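Novice: For reference, the file entry.txt (compact mmCIF, C-alpha atoms) is included below:
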```txt
# COMPACT_ATOMS: atom_id res chain seq x y z
CA MET O 1 -8.51 22.99 39.10
CA ARG O 2 -10.58 26.18 38.98
CA VAL O 3 -13.77 25.80 41.01
CA LEU O 4 -16.98 27.78 41.47
CA LEU O 5 -18.96 27.01 44.63
CA ILE O 6 -22.52 28.34 44.74
CA GLY O 7 -24.03 29.23 48.12
CA SER O 8 -23.55 31.42 51.18
CA GLY O 9 -24.26 29.28 54.25
CA GLY O 10 -22.39 27.23 56.81
CA ARG O 11 -22.49 24.25 54.46
CA GLU O 12 -20.64 26.25 51.80
CA HIS O 13 -18.05 27.55 54.27
CA ALA O 14 -17.33 23.96 55.36
CA LEU O 15 -17.09 22.81 51.73
CA ALA O 16 -14.76 25.71 50.90
CA TRP O 17 -12.57 24.84 53.88
CA LYS O 18 -12.31 21.23 52.70
CA ILE O 19 -11.80 22.14 49.03
CA ASN O 20 -8.90 24.38 50.05
CA GLN O 21 -7.06 21.31 51.34
CA SER O 22 -6.98 19.77 47.86
CA LYS O 23 -3.65 19.81 46.03
CA GLN O 24 -5.63 19.98 42.79
CA LEU O 25 -7.12 23.39 43.59
CA GLU O 26 -5.81 26.32 41.60
CA LYS O 27 -8.51 28.91 42.33
CA LEU O 28 -11.81 28.88 44.27
CA PHE O 29 -14.66 31.33 43.71
CA ILE O 30 -17.81 31.44 45.85
CA ALA O 31 -21.10 33.04 44.83
CA THR O 32 -21.88 34.77 47.04
CA GLY O 33 -20.14 33.38 50.09
CA ASN O 34 -20.15 35.05 53.52
CA GLY O 35 -17.88 36.75 56.03
CA GLY O 36 -16.01 33.51 56.71
CA THR O 37 -15.50 32.28 53.17
CA ALA O 38 -13.73 35.52 52.27
CA ASN O 39 -10.61 34.12 54.00
CA LEU O 40 -10.63 30.97 51.87
CA ALA O 41 -11.69 32.08 48.41
CA THR O 42 -12.84 34.96 46.25
CA ASN O 43 -16.40 35.92 47.14
CA ILE O 44 -18.19 37.13 44.03
CA ASP O 45 -21.45 39.05 43.70
CA LEU O 46 -23.10 36.79 41.13
CA ASP O 47 -26.88 36.48 40.71
CA VAL O 48 -27.25 32.70 40.46
CA THR O 49 -30.90 33.03 39.39
CA LYS O 50 -29.58 34.41 36.10
CA HIS O 51 -28.05 31.32 34.56
CA GLU O 52 -26.59 33.13 31.55
CA GLN O 53 -24.66 35.38 33.93
CA VAL O 54 -23.24 32.32 35.71
CA ILE O 55 -22.31 30.68 32.39
CA LYS O 56 -20.53 33.82 31.21
CA PHE O 57 -18.55 34.03 34.46
CA CYS O 58 -17.53 30.37 34.20
CA GLN O 59 -16.43 30.82 30.60
CA THR O 60 -14.41 33.93 31.43
CA GLU O 61 -12.71 32.33 34.45
CA LYS O 62 -12.23 28.93 32.74
CA ILE O 63 -14.02 27.07 35.54
CA ASN O 64 -13.41 23.29 35.61
CA LEU O 65 -16.00 22.29 38.23
CA ILE O 66 -19.15 23.96 39.55
CA ILE O 67 -20.50 22.80 42.93
CA ILE O 68 -24.10 23.69 43.77
CA GLY O 69 -24.57 23.99 47.55
CA PRO O 70 -28.23 24.91 48.26
CA GLU O 71 -31.43 23.35 46.95
CA VAL O 72 -33.14 26.37 45.39
CA PRO O 73 -30.78 26.71 42.37
CA LEU O 74 -30.97 22.94 41.82
CA VAL O 75 -34.77 22.92 41.72
CA ALA O 76 -34.61 25.92 39.36
CA GLY O 77 -32.54 23.89 36.88
CA ILE O 78 -29.14 25.58 37.09
CA THR O 79 -27.37 22.22 36.62
CA ASP O 80 -29.15 21.61 33.29
CA ASP O 81 -28.15 24.97 31.85
CA LEU O 82 -24.53 24.72 33.00
CA GLN O 83 -24.19 21.19 31.65
CA LYS O 84 -25.63 22.27 28.30
CA ALA O 85 -22.93 24.95 28.22
CA GLY O 86 -20.30 22.21 28.59
CA PHE O 87 -19.38 22.45 32.29
CA ASN O 88 -18.84 19.74 34.90
CA VAL O 89 -21.48 20.28 37.56
CA PHE O 90 -21.83 18.61 40.94
CA GLY O 91 -25.55 18.53 41.67
CA PRO O 92 -28.68 16.91 40.22
CA THR O 93 -30.69 18.12 37.25
CA LYS O 94 -34.00 19.92 37.67
CA ALA O 95 -35.93 16.68 37.08
CA ALA O 96 -33.85 14.72 39.61
CA ALA O 97 -34.01 17.57 42.17
CA GLN O 98 -37.75 16.94 42.42
CA LEU O 99 -36.76 14.49 45.15
CA GLU O 100 -36.41 17.57 47.33
CA GLY O 101 -38.56 20.01 45.38
CA SER O 102 -41.77 17.98 45.71
CA LYS O 103 -42.69 15.79 48.67
CA ALA O 104 -45.53 14.27 46.66
CA PHE O 105 -43.02 13.26 43.94
CA THR O 106 -40.87 11.47 46.51
CA LYS O 107 -43.86 9.76 48.10
CA ALA O 108 -44.97 8.48 44.69
CA LEU O 109 -41.45 7.12 44.11
CA CYS O 110 -41.64 5.37 47.49
CA ASP O 111 -44.90 3.72 46.42
CA GLU O 112 -43.40 2.65 43.11
CA MET O 113 -40.15 1.25 44.56
CA ASN O 114 -41.56 -0.11 47.86
CA ILE O 115 -39.45 2.25 49.95
CA PRO O 116 -40.61 2.24 53.59
CA THR O 117 -42.12 5.59 54.57
CA ALA O 118 -45.01 7.07 56.54
CA ALA O 119 -48.55 6.61 55.21
CA TYR O 120 -49.68 9.78 53.45
CA ALA O 121 -52.23 11.58 51.31
CA LYS O 122 -51.79 14.66 49.10
CA PHE O 123 -54.24 17.45 48.38
CA ASP O 124 -54.48 20.46 46.10
CA GLU O 125 -57.65 21.86 47.71
CA GLU O 126 -57.97 23.08 51.28
CA VAL O 127 -61.46 21.71 51.92
CA PHE O 128 -60.50 18.12 51.13
CA ALA O 129 -57.30 18.33 53.17
CA LEU O 130 -59.28 19.55 56.19
CA GLU O 131 -61.90 16.82 55.79
CA PHE O 132 -59.16 14.18 55.65
CA ALA O 133 -57.36 15.58 58.72
CA LYS O 134 -60.56 15.33 60.77
CA THR O 135 -60.58 11.56 60.26
CA GLN O 136 -56.96 10.95 61.32
CA GLN O 137 -55.26 10.07 64.57
CA PHE O 138 -52.98 12.67 66.11
CA PRO O 139 -50.21 13.72 66.14
CA LEU O 140 -50.20 14.28 62.39
CA VAL O 141 -47.58 15.81 60.08
CA ILE O 142 -48.61 18.58 57.67
CA LYS O 143 -46.13 19.46 54.90
CA ALA O 144 -46.14 22.08 52.17
CA ASP O 145 -45.29 20.09 49.05
CA GLY O 146 -42.50 22.35 47.75
CA LEU O 147 -39.47 24.19 49.10
CA ALA O 148 -40.33 26.34 52.10
CA ALA O 149 -36.88 27.01 53.62
CA GLY O 150 -37.47 24.42 56.34
CA LYS O 151 -40.62 26.18 57.57
CA GLY O 152 -43.29 24.22 55.72
CA VAL O 153 -43.56 21.27 58.13
CA THR O 154 -45.88 21.16 61.15
CA ILE O 155 -46.30 18.37 63.68
CA ALA O 156 -49.91 18.85 64.72
CA SER O 157 -50.86 17.45 68.14
CA LYS O 158 -54.58 18.15 67.61
CA PHE O 159 -56.96 19.01 64.79
CA GLU O 160 -56.83 22.74 65.49
CA ASP O 161 -53.05 22.70 64.87
CA ALA O 162 -53.52 20.76 61.65
CA GLU O 163 -56.28 23.12 60.53
CA LYS O 164 -54.03 26.16 61.01
CA ALA O 165 -51.11 24.50 59.20
CA ILE O 166 -53.29 23.49 56.24
CA LYS O 167 -54.86 26.93 55.98
CA ASP O 168 -51.42 28.56 56.21
CA CYS O 169 -50.21 26.47 53.26
CA PHE O 170 -53.18 27.26 51.06
CA SER O 171 -53.18 30.95 52.09
CA GLY O 172 -50.00 31.45 50.08
CA ILE O 173 -47.54 32.26 52.89
CA PHE O 174 -45.17 29.65 51.43
CA GLY O 175 -45.82 30.77 47.86
CA LYS O 176 -45.98 28.01 45.26
CA ALA O 177 -44.57 25.56 47.82
CA GLY O 178 -47.95 25.45 49.55
CA ALA O 179 -50.07 24.92 46.43
CA GLU O 180 -50.23 21.25 47.37
CA VAL O 181 -50.16 19.73 50.85
CA VAL O 182 -48.97 16.31 51.97
CA ILE O 183 -50.48 14.90 55.18
CA GLU O 184 -48.49 12.09 56.82
CA GLU O 185 -48.80 9.79 59.78
CA PHE O 186 -46.46 10.74 62.61
CA LEU O 187 -43.58 8.30 63.03
CA GLU O 188 -41.98 7.98 66.46
CA GLY O 189 -38.37 6.91 66.82
CA GLU O 190 -34.90 8.39 66.40
CA GLU O 191 -33.91 10.55 63.45
CA LEU O 192 -30.83 9.77 61.37
CA SER O 193 -29.19 11.46 58.39
CA ILE O 194 -27.54 9.36 55.69
CA PHE O 195 -25.71 10.93 52.74
CA ALA O 196 -24.76 9.19 49.51
CA ILE O 197 -22.70 10.59 46.64
CA CYS O 198 -24.23 9.37 43.38
CA ASP O 199 -23.28 9.36 39.70
CA GLY O 200 -26.66 8.33 38.28
CA LYS O 201 -25.97 4.59 38.64
CA ASN O 202 -23.64 4.04 41.59
CA TYR O 203 -23.48 5.49 45.08
CA ILE O 204 -21.05 5.82 48.00
CA THR O 205 -22.51 6.29 51.46
CA LEU O 206 -20.73 8.83 53.65
CA ALA O 207 -20.22 8.79 57.42
CA SER O 208 -23.42 8.99 59.48
CA ALA O 209 -24.70 12.10 61.25
CA GLN O 210 -27.55 13.25 63.46
CA ASP O 211 -28.81 16.79 63.77
CA HIS O 212 -31.08 18.62 66.20
CA LYS O 213 -34.04 20.28 64.48
CA ARG O 214 -35.80 21.84 67.45
CA ALA O 215 -34.78 25.32 68.54
CA TYR O 216 -34.36 24.72 72.27
CA ASP O 217 -32.81 22.27 74.74
CA GLY O 218 -34.56 18.98 75.25
CA ASP O 219 -35.75 18.97 71.63
CA LYS O 220 -38.40 21.58 72.43
CA GLY O 221 -39.64 24.57 70.48
CA PRO O 222 -40.25 25.07 66.76
CA ASN O 223 -38.50 23.18 63.99
CA THR O 224 -35.47 24.92 62.49
CA GLY O 225 -33.01 24.25 59.72
CA GLY O 226 -30.85 22.55 62.37
CA MET O 227 -29.31 23.79 65.64
CA GLY O 228 -26.37 21.41 65.72
CA ALA O 229 -25.12 18.01 64.59
CA TYR O 230 -22.61 15.30 65.31
CA SER O 231 -20.91 12.41 63.52
CA PRO O 232 -20.79 9.45 63.75
CA ALA O 233 -24.26 8.51 64.97
CA PRO O 234 -24.09 5.61 67.47
CA LEU O 235 -27.53 4.54 66.28
CA LEU O 236 -26.08 3.33 62.97
CA ASP O 237 -24.54 -0.14 63.00
CA GLU O 238 -23.57 -2.34 60.07
CA ASN O 239 -26.91 -4.15 59.94
CA LEU O 240 -28.93 -0.92 59.94
CA LEU O 241 -26.69 0.59 57.24
CA LYS O 242 -27.22 -2.46 55.04
CA ARG O 243 -31.00 -2.14 55.46
CA ILE O 244 -30.90 1.58 54.64
CA GLU O 245 -28.85 0.96 51.51
CA HIS O 246 -30.95 -2.02 50.39
CA GLU O 247 -34.39 -0.63 51.25
CA ILE O 248 -33.98 3.12 50.64
CA ILE O 249 -30.81 4.33 48.86
CA ALA O 250 -30.49 1.68 46.14
CA PRO O 251 -34.25 1.66 45.25
CA THR O 252 -34.19 5.47 45.02
CA ILE O 253 -31.25 5.47 42.59
CA LYS O 254 -32.82 2.63 40.58
CA GLY O 255 -36.24 4.30 40.53
CA MET O 256 -34.89 7.64 39.38
CA ALA O 257 -32.92 5.99 36.56
CA LYS O 258 -36.04 4.03 35.60
CA ARG O 259 -37.94 7.32 35.30
CA GLY O 260 -35.28 8.75 33.00
CA MET O 261 -34.08 11.13 35.73
CA PRO O 262 -30.74 9.65 36.87
CA PHE O 263 -29.68 11.19 40.16
CA SER O 264 -26.16 12.62 40.36
CA GLY O 265 -24.89 14.60 43.33
CA VAL O 266 -25.69 14.28 47.05
CA LEU O 267 -28.67 12.18 48.02
CA PHE O 268 -29.55 13.13 51.60
CA ALA O 269 -31.97 10.67 53.21
CA GLY O 270 -33.66 12.01 56.33
CA LEU O 271 -34.74 8.88 58.21
CA MET O 272 -36.71 7.78 61.24
CA VAL O 273 -35.52 4.59 62.89
CA LYS O 274 -38.25 2.74 64.76
CA ASP O 275 -37.71 -0.70 66.32
CA SER O 276 -34.43 -1.01 64.34
CA ALA O 277 -36.27 -0.45 61.04
CA PRO O 278 -35.55 2.61 58.83
CA TYR O 279 -38.32 4.76 57.34
CA LEU O 280 -37.78 7.61 54.89
CA ILE O 281 -39.03 10.96 56.17
CA GLU O 282 -37.75 12.96 53.21
CA HIS O 283 -35.09 13.07 50.53
CA ASN O 284 -32.95 16.15 49.96
CA ALA O 285 -30.78 16.82 46.93
CA ARG O 286 -27.77 18.46 48.63
CA PHE O 287 -25.58 18.26 51.72
CA GLY O 288 -27.36 18.90 54.99
CA ASP O 289 -26.62 22.02 56.97
CA PRO O 290 -25.24 21.63 59.69
CA GLU O 291 -24.42 17.94 58.97
CA CYS O 292 -22.02 18.95 56.21
CA GLN O 293 -19.86 20.76 58.75
CA VAL O 294 -19.19 17.65 60.85
CA LEU O 295 -18.73 15.44 57.77
CA MET O 296 -16.11 17.75 56.30
CA MET O 297 -14.22 17.77 59.62
CA ARG O 298 -14.04 13.95 59.57
CA LEU O 299 -13.33 13.40 55.85
CA LYS O 300 -9.66 12.65 55.18
CA SER O 301 -9.90 12.11 51.41
CA ASP O 302 -9.56 14.80 48.73
CA ILE O 303 -13.08 16.07 48.22
CA LEU O 304 -12.43 17.35 44.70
CA ASP O 305 -11.69 13.79 43.54
CA LEU O 306 -15.12 12.74 44.81
CA LEU O 307 -17.13 15.68 43.49
CA MET O 308 -15.50 15.69 40.05
CA ALA O 309 -16.02 11.93 39.67
CA SER O 310 -19.72 12.40 40.43
CA ALA O 311 -19.95 15.32 37.98
CA LYS O 312 -18.33 13.20 35.26
CA GLY O 313 -20.66 10.28 35.93
CA ASP O 314 -18.36 7.61 37.36
CA ILE O 315 -17.53 7.21 41.06
CA SER O 316 -16.71 3.49 40.80
CA ASN O 317 -13.01 4.02 41.51
CA ILE O 318 -13.44 6.37 44.49
CA LYS O 319 -12.55 5.17 48.00
CA LEU O 320 -13.05 7.41 51.02
CA ASP O 321 -11.06 7.60 54.25
CA TRP O 322 -12.52 9.01 57.47
CA ARG O 323 -11.03 10.19 60.73
CA ASP O 324 -11.74 7.92 63.71
CA GLU O 325 -12.54 10.97 65.83
CA ALA O 326 -16.06 12.28 66.36
CA ALA O 327 -17.11 15.76 65.24
CA LEU O 328 -19.79 18.01 66.72
CA THR O 329 -21.09 21.42 65.70
CA VAL O 330 -23.19 23.91 67.66
CA VAL O 331 -25.20 26.56 65.82
CA LEU O 332 -25.23 30.11 67.18
CA ALA O 333 -28.44 31.73 65.98
CA ALA O 334 -29.88 35.22 66.14
CA LYS O 335 -32.40 35.81 68.93
CA GLY O 336 -35.88 35.27 67.53
CA TYR O 337 -34.88 32.61 65.01
CA PRO O 338 -36.66 30.75 63.39
CA ALA O 339 -39.22 33.57 63.50
CA SER O 340 -38.24 37.23 63.07
CA TYR O 341 -34.76 38.36 64.06
CA LYS O 342 -32.50 41.39 63.67
CA LYS O 343 -29.53 41.69 61.35
CA GLY O 344 -26.42 43.82 61.68
CA SER O 345 -25.30 43.08 65.26
CA LEU O 346 -21.55 42.94 65.92
CA ILE O 347 -19.76 39.64 66.50
CA LYS O 348 -16.31 39.36 68.05
CA ILE O 349 -14.44 36.06 67.75
CA ASP O 350 -11.32 35.48 69.86
CA GLN O 351 -11.19 31.73 69.20
CA ALA O 352 -8.50 30.86 66.66
CA ASN O 353 -9.24 28.03 64.25
CA ASN O 354 -6.96 25.00 64.47
CA GLU O 355 -6.93 21.35 63.42
CA ASN O 356 -9.57 20.44 66.01
CA ILE O 357 -11.70 23.61 66.13
CA GLN O 358 -13.30 25.38 63.19
CA ILE O 359 -15.84 28.20 63.26
CA PHE O 360 -17.86 28.03 60.08
CA HIS O 361 -19.84 31.14 59.19
CA ALA O 362 -23.42 30.68 58.00
CA GLY O 363 -25.04 34.11 58.12
CA THR O 364 -22.35 36.79 58.36
CA ILE O 365 -21.04 39.69 56.31
CA LEU O 366 -17.86 41.72 56.60
CA GLU O 367 -17.95 45.48 57.06
CA GLY O 368 -14.31 46.44 56.86
CA GLU O 369 -12.77 44.17 59.50
CA LYS O 370 -16.01 43.87 61.48
CA ILE O 371 -18.09 40.68 61.42
CA LEU O 372 -21.84 41.39 61.39
CA ALA O 373 -24.76 38.99 61.76
CA ASN O 374 -26.72 38.66 58.53
CA GLY O 375 -29.06 35.71 59.01
CA GLY O 376 -30.95 33.42 61.36
CA ARG O 377 -28.33 30.73 61.81
CA VAL O 378 -25.08 32.67 61.95
CA LEU O 379 -22.12 30.60 63.21
CA ASN O 380 -21.27 26.90 63.45
CA VAL O 381 -18.74 26.15 66.19
CA THR O 382 -17.32 22.77 65.20
CA ALA O 383 -14.92 20.51 67.08
CA LEU O 384 -13.19 17.15 66.78
CA GLY O 385 -12.74 14.83 69.77
CA LYS O 386 -11.93 11.20 70.52
CA ASN O 387 -15.68 10.74 71.08
CA VAL O 388 -18.86 12.85 70.91
CA GLU O 389 -18.59 13.85 74.57
CA GLN O 390 -15.07 15.26 74.12
CA ALA O 391 -16.05 17.01 70.87
CA GLN O 392 -19.03 18.53 72.67
CA LYS O 393 -16.83 19.80 75.50
CA SER O 394 -14.39 21.42 73.05
CA ALA O 395 -17.15 23.07 71.02
CA TYR O 396 -18.82 24.65 74.04
CA GLU O 397 -15.47 25.84 75.40
CA ALA O 398 -14.81 27.53 72.05
CA ILE O 399 -18.18 29.31 72.20
CA LEU O 400 -17.00 31.10 75.35
CA ASN O 401 -14.51 32.96 73.16
CA ILE O 402 -17.27 34.46 70.99
CA GLU O 403 -18.83 37.75 72.00
CA TRP O 404 -22.27 38.26 70.46
CA GLU O 405 -25.08 39.64 72.60
CA ASP O 406 -27.93 38.93 70.17
CA SER O 407 -27.34 35.18 69.99
CA PHE O 408 -28.67 31.98 71.49
CA TYR O 409 -27.74 28.32 71.15
CA ARG O 410 -28.68 24.93 72.51
CA SER O 411 -26.56 23.62 75.35
CA ASP O 412 -27.31 19.92 74.77
CA ILE O 413 -26.10 19.13 71.24
CA GLY O 414 -25.03 15.49 71.13
CA TRP O 415 -27.06 14.39 74.15
CA ARG O 416 -28.40 11.22 72.50
CA ALA O 417 -24.94 9.95 71.59
CA ILE O 418 -23.54 10.78 75.02
CA ASP O 419 -26.45 9.02 76.77
CA LYS O 420 -25.86 5.93 74.63
CA SER O 421 -22.13 5.90 75.42
CA LYS O 422 -22.88 6.03 79.18
CA ILE O 423 -25.30 3.14 78.86
```
Could the structure of this file be written out as structure tokens, please?
Specialist:
Amino acid sequence: MRVLLIGSGGREHALAWKINQSKQLEKLFIATGNGGTANLATNIDLDVTKHEQVIKFCQTEKINLIIIGPEVPLVAGITDDLQKAGFNVFGPTKAAAQLEGSKAFTKALCDEMNIPTAAYAKFDEEVFALEFAKTQQFPLVIKADGLAAGKGVTIASKFEDAEKAIKDCFSGIFGKAGAEVVIEEFLEGEELSIFAICDGKNYITLASAQDHKRAYDGDKGPNTGGMGAYSPAPLLDENLLKRIEHEIIAPTIKGMAKRGMPFSGVLFAGLMVKDSAPYLIEHNARFGDPECQVLMMRLKSDILDLLMASAKGDISNIKLDWRDEAALTVVLAAKGYPASYKKGSLIKIDQANNENIQIFHAGTILEGEKILANGGRVLNVTALGKNVEQAQKSAYEAILNIEWEDSFYRSDIGWRAIDKSKI
């Protein structure tokens, strides 16, 4: 099978690593990839915003399956154009990707399908949003409606914080993403990530995962794209999974089909669990990053079977096997992230990858044989262990073999799971 993987982050490096284990793979291309994926596939300089260019490449290279990693190309409709050209594509259409592309769209679907979520209101004018915020209890959650690279969400502890967040959205700093604002009640509880592979009608839930959004230890500091993750999540038991599937996943798939927008690809439900009840925080239309890294470490099955079945519209015969071990990943980020940070600093890695340790690159480039930082979240040090505590120990030991002066990382990834195991 000849495969094109679109993306350049840690998620795509983990997917490439897993795809390379498939006996069906003949050739893997990645557009554009990073310094780590160059060892697994052919990195290609392809402008994925130009769909005709992607189609021409796929025709020339006789690509059998195209896997879309990040959300931006999905929301831009790359799946639609590639499918029209006759290709098998793993990833939702532009209409279905609205589940991630518009928070107001997802909230309306929740209303329609009785999916439990936080109370909300949406606004397309600043003055009305501010008036509404004045009447609410705090903390309050302010969200830019569209894609804002993980930076469009503010948890406001007082009105002044909400006022700044609302004005920031309408000022245009998030571009079109901030043209509308969703204001939500703040839900307290424990976050959980659930992923389901869908074919438009059916779904298969994957292993559970939890990530750490805050930049610093103790879940402090600004929200990020994720500073680490682990799988499985002890929070998820059989009863909770059944509720999530019955109350959130299944109604979402049914509601999207009802709207004439069948969802095919990865449905990523970001949840808050409060008093053993799940609430939807947001839907995403792709694998999480860094959750994908720990899921790929634990997945035993051939991933190409799964992704191709989804692309062809029938996953009913797919069964997945998972490792019993836990997996944990720690993100090494550039100093200053998620705000401004420098690129181009040198990274030296003495840790060799093996069956239990993988270093997935997220924001790196190669300059000759040198590895240079080229992003905010740069490396994902990922480990397997008999439990989360052992996986954590192995991951942090591996970090000691990385020399990168301009980095920082959290030292407490996995703390919730470890606390639960001690209890």
Novice: Hey, could you make a per-residue contact list for stretch 176-240 of chain O against stretch 314-335 of chain O with 6 Å as the cut-off, showing the nearest pair of atoms and its distance in Å to one decimal, counting all atoms listed in the file, sorted by chain and number, as a tab-separated table?
Specialist:
```
residue	atom	partner	partner_atom	distance
O:Asp199	CA	O:Asp314	CA	5.7
O:Met227	CA	O:Val331	CA	5.0
O:Gly228	CA	O:Val330	CA	4.5
O:Ala229	CA	O:Thr329	CA	5.4
O:Tyr230	CA	O:Leu328	CA	4.2
O:Ser231	CA	O:Ala327	CA	5.3
```
Novice: Applying 10 Å and all atoms listed in the file, which residues near O:Arg286 remain after dropping the ones on its own chain fewer than 3 positions away? List them as a ChimeraX atom specification.
Specialist: /O:11,68-71,74,90-92,97,100,195-197,265-269,283,289,292
Novice: Calculate how many Å separate atom CA of O:Asp161 from atom CA of O:Trp415, rounding to one decimal.
Specialist: 28.8 Å
Novice: Could you produce a table of the residues of stretch 302-379 of chain O lying within 12 Å of stretch 243-263 of chain O, with the nearest pair of atoms per residue and their separation in Å rounded to one decimal, using all atoms listed in the file, ordered by chain and increasing residue number, as JSON lines?
Specialist:
```
{"residue": "O:Ser310", "atom": "CA", "partner": "O:Phe263", "partner_atom": "CA", "distance": 10.0}
{"residue": "O:Ala311", "atom": "CA", "partner": "O:Phe263", "partner_atom": "CA", "distance": 10.8}
{"residue": "O:Gly313", "atom": "CA", "partner": "O:Phe263", "partner_atom": "CA", "distance": 10.0}
```
Novice: Smallest atom-to-atom distance to O:Ile78: which of O:Ile413, O:Val48, O:Ser193, O:Ala104, using only C-alpha atoms?
Specialist: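 The answer is O:Val48, which sits nearest to O:Ile78.
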Novice: O:Lys164: which residues within 12 Å, counting only C-alpha atoms, same-chain residues fewer than 5 positions away excluded, as a PyMOL selection string?
Specialist: chain O and resi 126+129-130+133+142+153-159+169-171
Novice: Would you pick out the contacts of O:Ala108 at 12 Å or less, using only C-alpha atoms, so that residues sharing its chain but fewer than 5 positions from it are not included, and give the list as a ChimeraX atom specification?
Specialist: /O:98-99,102-103,113-122,182,252,255-256,259
Novice: List the spatial neighbours of O:Ile365 as an mmCIF file with C-alpha atoms, in the frame of the given file - criterion: any atom at most 7 Å away, all atoms listed in the file, same-chain residues fewer than 2 positions off excluded.
Specialist:
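Output contents, as saved in result36.cif:
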```cif
data_model
loop_
_atom_site.group_PDB
_atom_site.id
_atom_site.type_symbol
_atom_site.label_atom_id
_atom_site.label_comp_id
_atom_site.auth_asym_id
_atom_site.auth_seq_id
_atom_site.Cartn_x
_atom_site.Cartn_y
_atom_site.Cartn_z
ATOM 1 C CA ASN O 34 -20.150 35.050 53.520
ATOM 2 C CA GLY O 35 -17.880 36.750 56.030
ATOM 3 C CA GLU O 367 -17.950 45.480 57.060
ATOM 4 C CA ILE O 371 -18.090 40.680 61.420
ATOM 5 C CA LEU O 372 -21.840 41.390 61.390
ATOM 6 C CA ALA O 373 -24.760 38.990 61.760
ATOM 7 C CA ASN O 374 -26.720 38.660 58.530
#
```
Novice: Counting all atoms listed in the file, what is within 10 Å of O:Glu61, bar same-chain residues fewer than 6 positions away, as a PyMOL selection string?
Specialist: chain O and resi 2-4+27+29+55
Novice: Pick the closest to O:Ala339 from O:Thr224, O:Ser394, O:Asn39, O:Thr106: which is it, counting all atoms listed in the file?
Specialist: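 Checking each candidate against O:Ala339, we get O:Thr224 as the closest.
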Novice: Around all of stretch 342-349 of chain O's listed atoms, make the axis-aligned box with 8 Å on each side and tell me centre and edge lengths in Å to one decimal, as lines of an AutoDock Vina configuration file.
Specialist:
```
center_x = -23.5
center_y = 39.9
center_z = 64.7
size_x = 34.1
size_y = 23.8
size_z = 22.7
```
Novice: Counting all atoms listed in the file, which of O:Ser345, O:Asn356, O:Gln351, O:Thr364 gets nearest to O:Asn401?
Specialist: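 Once distances to O:Asn401 are computed over all atoms listed in the file, the minimum belongs to O:Gln351.
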Novice: The residues within 6 Å of (-32.6, 21.0, 34.5), using only C-alpha atoms and the coordinates of the file, should be reported as a PyMOL selection string; which are they?
Specialist: chain O and resi 77+79-80+93-94
Novice: Closest to O:Arg410 among O:Ala309, O:Ala391, O:Val381, O:Ile347, using all atoms listed in the file?
Specialist: O:Val381
Novice: From the options O:Asp217, O:Asp47, O:Asp124, O:Glu238, which residue's atoms come nearest to O:Asp412, counting only C-alpha atoms?
Specialist: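 With only C-alpha atoms as the atom set, the closest residue is O:Asp217.
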